[in-house]
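Undergrad: File input34.cif below, mmCIF, C-alpha atoms:
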```cif
data_final
#
loop_
_atom_site.group_PDB
_atom_site.id
_atom_site.type_symbol
_atom_site.label_atom_id
_atom_site.label_comp_id
_atom_site.auth_asym_id
_atom_site.auth_seq_id
_atom_site.Cartn_x
_atom_site.Cartn_y
_atom_site.Cartn_z
ATOM 1 C CA MET O 1 90.533 82.615 86.409
ATOM 2 C CA ASP O 2 93.396 82.690 88.917
ATOM 3 C CA GLN O 3 92.903 84.514 92.163
ATOM 4 C CA PRO O 4 95.501 87.191 92.901
ATOM 5 C CA VAL O 5 98.063 86.964 95.678
ATOM 6 C CA LEU O 6 96.734 89.091 98.512
ATOM 7 C CA SER O 7 99.135 90.922 100.791
ATOM 8 C CA PHE O 8 98.340 92.022 104.350
ATOM 9 C CA ARG O 9 100.501 94.076 106.690
ATOM 10 C CA SER O 10 100.524 94.609 110.429
ATOM 11 C CA SER O 11 99.067 97.732 111.978
ATOM 12 C CA PHE O 12 101.910 100.144 112.783
ATOM 13 C CA TRP O 13 99.990 101.720 115.658
ATOM 14 C CA VAL O 14 99.287 98.418 117.411
ATOM 15 C CA VAL O 15 102.953 97.413 117.198
ATOM 16 C CA TRP O 16 104.087 100.901 118.213
ATOM 17 C CA ARG O 17 101.773 100.978 121.235
ATOM 18 C CA SER O 18 102.935 97.587 122.485
ATOM 19 C CA THR O 19 106.594 98.459 121.969
ATOM 20 C CA THR O 20 106.135 101.824 123.669
ATOM 21 C CA TYR O 21 104.594 100.177 126.732
ATOM 22 C CA VAL O 22 107.413 97.651 127.054
ATOM 23 C CA LEU O 23 110.232 100.134 126.415
ATOM 24 C CA GLY O 24 108.560 102.765 128.590
ATOM 25 C CA ALA O 25 108.331 100.349 131.512
ATOM 26 C CA TRP O 26 111.973 99.373 130.993
ATOM 27 C CA ALA O 27 113.035 103.062 130.841
ATOM 28 C CA LEU O 28 111.120 103.771 134.052
ATOM 29 C CA VAL O 29 112.870 100.922 135.879
ATOM 30 C CA VAL O 30 116.292 102.078 134.643
ATOM 31 C CA SER O 31 115.542 105.716 135.539
ATOM 32 C CA VAL O 32 114.429 104.829 139.057
ATOM 33 C CA TRP O 33 117.477 102.611 139.500
ATOM 34 C CA ALA O 34 119.780 105.421 138.238
ATOM 35 C CA TYR O 35 118.143 107.940 140.563
ATOM 36 C CA LEU O 36 118.387 105.645 143.574
ATOM 37 C CA SER O 37 122.032 104.962 142.686
ATOM 38 C CA GLY O 38 122.779 108.691 142.795
ATOM 39 C CA TRP O 39 123.199 109.275 139.067
ATOM 40 C CA GLU O 40 122.177 112.619 137.643
ATOM 41 C CA ILE O 41 119.949 112.761 134.600
ATOM 42 C CA HIS O 42 121.532 115.175 132.104
ATOM 43 C CA LEU O 43 120.268 116.763 128.904
ATOM 44 C CA ALA O 44 122.457 114.410 126.855
ATOM 45 C CA ILE O 45 120.597 111.399 128.287
ATOM 46 C CA THR O 46 117.247 113.014 127.469
ATOM 47 C CA VAL O 47 118.330 113.811 123.899
ATOM 48 C CA GLY O 48 119.733 110.294 123.517
ATOM 49 C CA SER O 49 116.437 108.869 124.729
ATOM 50 C CA LEU O 50 114.521 110.941 122.178
ATOM 51 C CA ALA O 51 116.874 109.854 119.378
ATOM 52 C CA GLY O 52 116.451 106.224 120.462
ATOM 53 C CA SER O 53 112.674 106.588 120.397
ATOM 54 C CA LEU O 54 112.701 108.046 116.897
ATOM 55 C CA THR O 55 115.033 105.290 115.698
ATOM 56 C CA ALA O 56 112.780 102.632 117.241
ATOM 57 C CA GLY O 57 109.766 104.158 115.457
ATOM 58 C CA LEU O 58 111.611 104.092 112.133
ATOM 59 C CA LEU O 59 112.657 100.465 112.640
ATOM 60 C CA LEU O 60 109.073 99.521 113.517
ATOM 61 C CA ALA O 61 107.812 101.229 110.361
ATOM 62 C CA LEU O 62 110.334 99.286 108.269
ATOM 63 C CA ALA O 63 109.308 96.023 109.951
ATOM 64 C CA VAL O 64 105.622 96.709 109.272
ATOM 65 C CA VAL O 65 106.360 97.368 105.601
ATOM 66 C CA TYR O 66 108.579 94.296 105.230
ATOM 67 C CA LEU O 67 106.754 91.686 107.345
ATOM 68 C CA ARG O 68 103.657 90.953 105.288
ATOM 69 C CA VAL O 69 101.346 87.959 105.188
ATOM 70 C CA TYR O 70 100.506 86.615 101.725
ATOM 71 C CA VAL O 71 97.370 84.639 100.912
ATOM 72 C CA THR O 72 97.098 82.706 97.649
ATOM 73 C CA ALA O 73 94.638 80.221 96.224
ATOM 74 C CA ASP O 74 97.083 77.446 97.185
ATOM 75 C CA GLY O 75 98.119 78.476 100.697
ATOM 76 C CA ILE O 76 99.576 81.080 102.995
ATOM 77 C CA ARG O 77 103.078 82.566 103.001
ATOM 78 C CA CYS O 78 104.210 84.091 106.249
ATOM 79 C CA TYR O 79 107.255 84.549 108.452
ATOM 80 C CA ASP O 80 108.221 82.292 111.330
ATOM 81 C CA ALA O 81 108.801 83.383 114.940
ATOM 82 C CA SER O 82 112.221 84.795 114.017
ATOM 83 C CA GLY O 83 110.533 87.363 111.771
ATOM 84 C CA VAL O 84 113.282 86.794 109.216
ATOM 85 C CA PHE O 85 112.448 83.630 107.318
ATOM 86 C CA TYR O 86 109.322 83.167 105.218
ATOM 87 C CA HIS O 87 107.632 79.824 104.661
ATOM 88 C CA PHE O 88 104.789 78.701 102.427
ATOM 89 C CA ALA O 89 102.127 76.340 103.772
ATOM 90 C CA PRO O 90 99.640 74.866 101.289
ATOM 91 C CA TRP O 91 96.106 74.725 102.714
ATOM 92 C CA PRO O 92 95.894 70.904 102.930
ATOM 93 C CA THR O 93 99.185 70.684 104.887
ATOM 94 C CA ILE O 94 98.055 72.907 107.781
ATOM 95 C CA GLU O 95 97.574 70.569 110.720
ATOM 96 C CA ARG O 96 97.183 72.765 113.767
ATOM 97 C CA VAL O 97 96.647 76.392 114.722
ATOM 98 C CA ARG O 98 97.251 77.707 118.219
ATOM 99 C CA PRO O 99 97.035 81.199 119.716
ATOM 100 C CA LEU O 100 100.047 83.014 121.163
ATOM 101 C CA ASN O 101 100.214 86.316 123.023
ATOM 102 C CA VAL O 102 103.587 88.103 123.112
ATOM 103 C CA LEU O 103 103.519 91.227 125.288
ATOM 104 C CA GLY O 104 99.977 92.035 124.192
ATOM 105 C CA LEU O 105 100.517 91.225 120.521
ATOM 106 C CA ARG O 106 98.312 88.296 119.523
ATOM 107 C CA TYR O 107 99.355 85.739 116.910
ATOM 108 C CA LEU O 108 98.215 82.437 115.493
ATOM 109 C CA MET O 109 100.989 79.872 115.281
ATOM 110 C CA VAL O 110 100.294 77.724 112.213
ATOM 111 C CA GLN O 111 101.831 74.263 112.077
ATOM 112 C CA SER O 112 102.154 72.693 108.635
ATOM 113 C CA SER O 113 103.676 69.448 107.470
ATOM 114 C CA ALA O 114 105.228 71.410 104.579
ATOM 115 C CA THR O 115 107.382 73.615 106.819
ATOM 116 C CA ARG O 116 109.860 72.840 109.558
ATOM 117 C CA ARG O 117 108.920 75.915 111.589
ATOM 118 C CA GLU O 118 105.528 77.294 112.570
ATOM 119 C CA LEU O 119 104.196 80.305 110.711
ATOM 120 C CA CYS O 120 103.551 83.317 112.921
ATOM 121 C CA VAL O 121 100.335 84.980 111.698
ATOM 122 C CA PRO O 122 99.665 88.340 113.410
ATOM 123 C CA LEU O 123 96.126 89.113 114.534
ATOM 124 C CA PHE O 124 96.694 92.867 114.271
ATOM 125 C CA LEU O 125 96.669 93.275 110.504
ATOM 126 C CA THR O 126 95.369 96.556 109.104
ATOM 127 C CA ASP O 127 92.591 94.740 107.222
ATOM 128 C CA MET O 128 91.580 91.893 109.532
ATOM 129 C CA PRO O 129 88.065 91.553 108.044
ATOM 130 C CA GLY O 130 89.581 91.278 104.559
ATOM 131 C CA PHE O 131 92.160 88.773 105.810
ATOM 132 C CA ARG O 132 89.481 86.613 107.456
ATOM 133 C CA ALA O 133 87.392 86.697 104.286
ATOM 134 C CA ALA O 134 90.400 85.817 102.110
ATOM 135 C CA ILE O 135 91.301 82.830 104.306
ATOM 136 C CA ALA O 136 87.703 81.571 104.396
ATOM 137 C CA ASP O 137 87.373 82.010 100.621
ATOM 138 C CA ARG O 138 90.624 80.254 99.744
ATOM 139 C CA ALA O 139 91.012 77.666 102.514
ATOM 140 C CA GLY O 140 87.339 76.930 103.097
ATOM 141 C CA PRO O 141 84.995 77.485 106.039
ATOM 142 C CA ASP O 142 86.005 74.284 107.849
ATOM 143 C CA HIS O 143 89.759 74.850 107.625
ATOM 144 C CA PRO O 144 91.606 75.067 111.002
ATOM 145 C CA LEU O 145 92.950 78.548 110.187
ATOM 146 C CA THR O 146 89.502 79.824 109.209
ATOM 147 C CA GLU O 147 88.025 78.450 112.421
ATOM 148 C CA ALA O 148 90.815 79.967 114.534
ATOM 149 C CA LEU O 149 90.298 83.363 112.897
ATOM 150 C CA GLN O 150 86.522 83.218 113.441
ATOM 151 C CA GLY O 151 87.104 82.495 117.118
ATOM 152 C CA GLY O 152 89.537 85.398 117.447
ATOM 153 C CA ARG O 153 87.192 88.211 116.535
#
```
Before anything else, please render the file you have as structure tokens.

TA:
Amino acid sequence: MDQPVLSFRSSFWVVWRSTTYVLGAWALVVSVWAYLSGWEIHLAITVGSLAGSLTAGLLLALAVVYLRVYVTADGIRCYDASGVFYHFAPWPTIERVRPLNVLGLRYLMVQSSATRRELCVPLFLTDMPGFRAAIADRAGPDHPLTEALQGGR
């Protein structure tokens, strides 16, 4: 009996929180700079800021829906660091797994001899326990990805 392809998506709220912190800090710096430069903050700027925030939230929601991680009996299919291109890495070809933290968002960078670029596996999936169990079940308990996920609880 073939095992199904399992699909996991990132947590919108984790991505939203991290993005909000970064953009909020940037907006604060720009606002202080504008104030110190003598610029006046008008209603149009406030409305534009609100529209930008709503647009950013919509784009994040689309990214969360689109950027999924797929686990099969044969390997893992995930995007690379660009977030645009997907690659498939069969379990036996995975050579190395290393952690990466990007502005508070934690990832595992998976190096495989089957792909030219590293896979970028997010550690903020909505069902992390299910993802860990799926990797351990399909790759095995001694696989580098399984071990990296067990260490990242």

Undergrad: Once the PyMOL selection byres ((chain O and resi 77-90) around 6) is applied to the coordinates I shared, what remains selected? I want it as a PyMOL selection string.

TA: chain O and resi 69-70+74-76+91-93+114+118-120

Undergrad: Hey, can you spit out that residue selection with C-alpha atoms as a PDB file, in the frame of the given file?

TA:
```
ATOM      1  CA  VAL O  69     101.346  87.959 105.188  1.00  0.00           C
ATOM      2  CA  TYR O  70     100.506  86.615 101.725  1.00  0.00           C
ATOM      3  CA  ASP O  74      97.083  77.446  97.185  1.00  0.00           C
ATOM      4  CA  GLY O  75      98.119  78.476 100.697  1.00  0.00           C
ATOM      5  CA  ILE O  76      99.576  81.080 102.995  1.00  0.00           C
ATOM      6  CA  TRP O  91      96.106  74.725 102.714  1.00  0.00           C
ATOM      7  CA  PRO O  92      95.894  70.904 102.930  1.00  0.00           C
ATOM      8  CA  THR O  93      99.185  70.684 104.887  1.00  0.00           C
ATOM      9  CA  ALA O 114     105.228  71.410 104.579  1.00  0.00           C
ATOM     10  CA  GLU O 118     105.528  77.294 112.570  1.00  0.00           C
ATOM     11  CA  LEU O 119     104.196  80.305 110.711  1.00  0.00           C
ATOM     12  CA  CYS O 120     103.551  83.317 112.921  1.00  0.00           C
TER      13      CYS O 120
END
```

Undergrad: Could you check which of O:Thr115, O:Tyr21, O:Gly104, O:Val71 is closest to Ile135 in chain O, using only C-alpha atoms?

TA: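 Closest residue, counting only C-alpha atoms: O:Val71.
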
Undergrad: When you count all atoms listed in the file, which of these residues is closest to Ser11 in chain O: O:Gly57, O:Pro141, O:Gly48, O:Pro122?

TA: O:Pro122

Undergrad: Could you check the closest approach to Leu60 in chain O for each of O:Thr20, O:Leu108, O:Asp137, O:Ala148 and tell me which residue wins, using all atoms listed in the file?

TA: O:Thr20

Undergrad: Just checking: using only C-alpha atoms, which residue out of O:Arg117, O:Arg106, O:Arg132, O:His143 ends up closest to Val15 in chain O?

TA: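 Between O:Arg117, O:Arg106, O:Arg132, O:His143, the residue approaching Val15 in chain O most closely is O:Arg106.
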
Undergrad: For a quick check of understanding, using only C-alpha atoms, which of O:Tyr35, O:Leu100, O:Gly140, O:Arg9 has the smallest distance to Ala63 in chain O?

TA: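 That would be O:Arg9, the residue with the smallest distance to Ala63 in chain O.
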
Undergrad: Looking at O:Trp16, O:Ala139, O:Ala44, O:Val32, which one is nearest to Leu58 in chain O, with distances taken over only C-alpha atoms?

TA: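 For Leu58 in chain O, the nearest of the given residues is O:Trp16.
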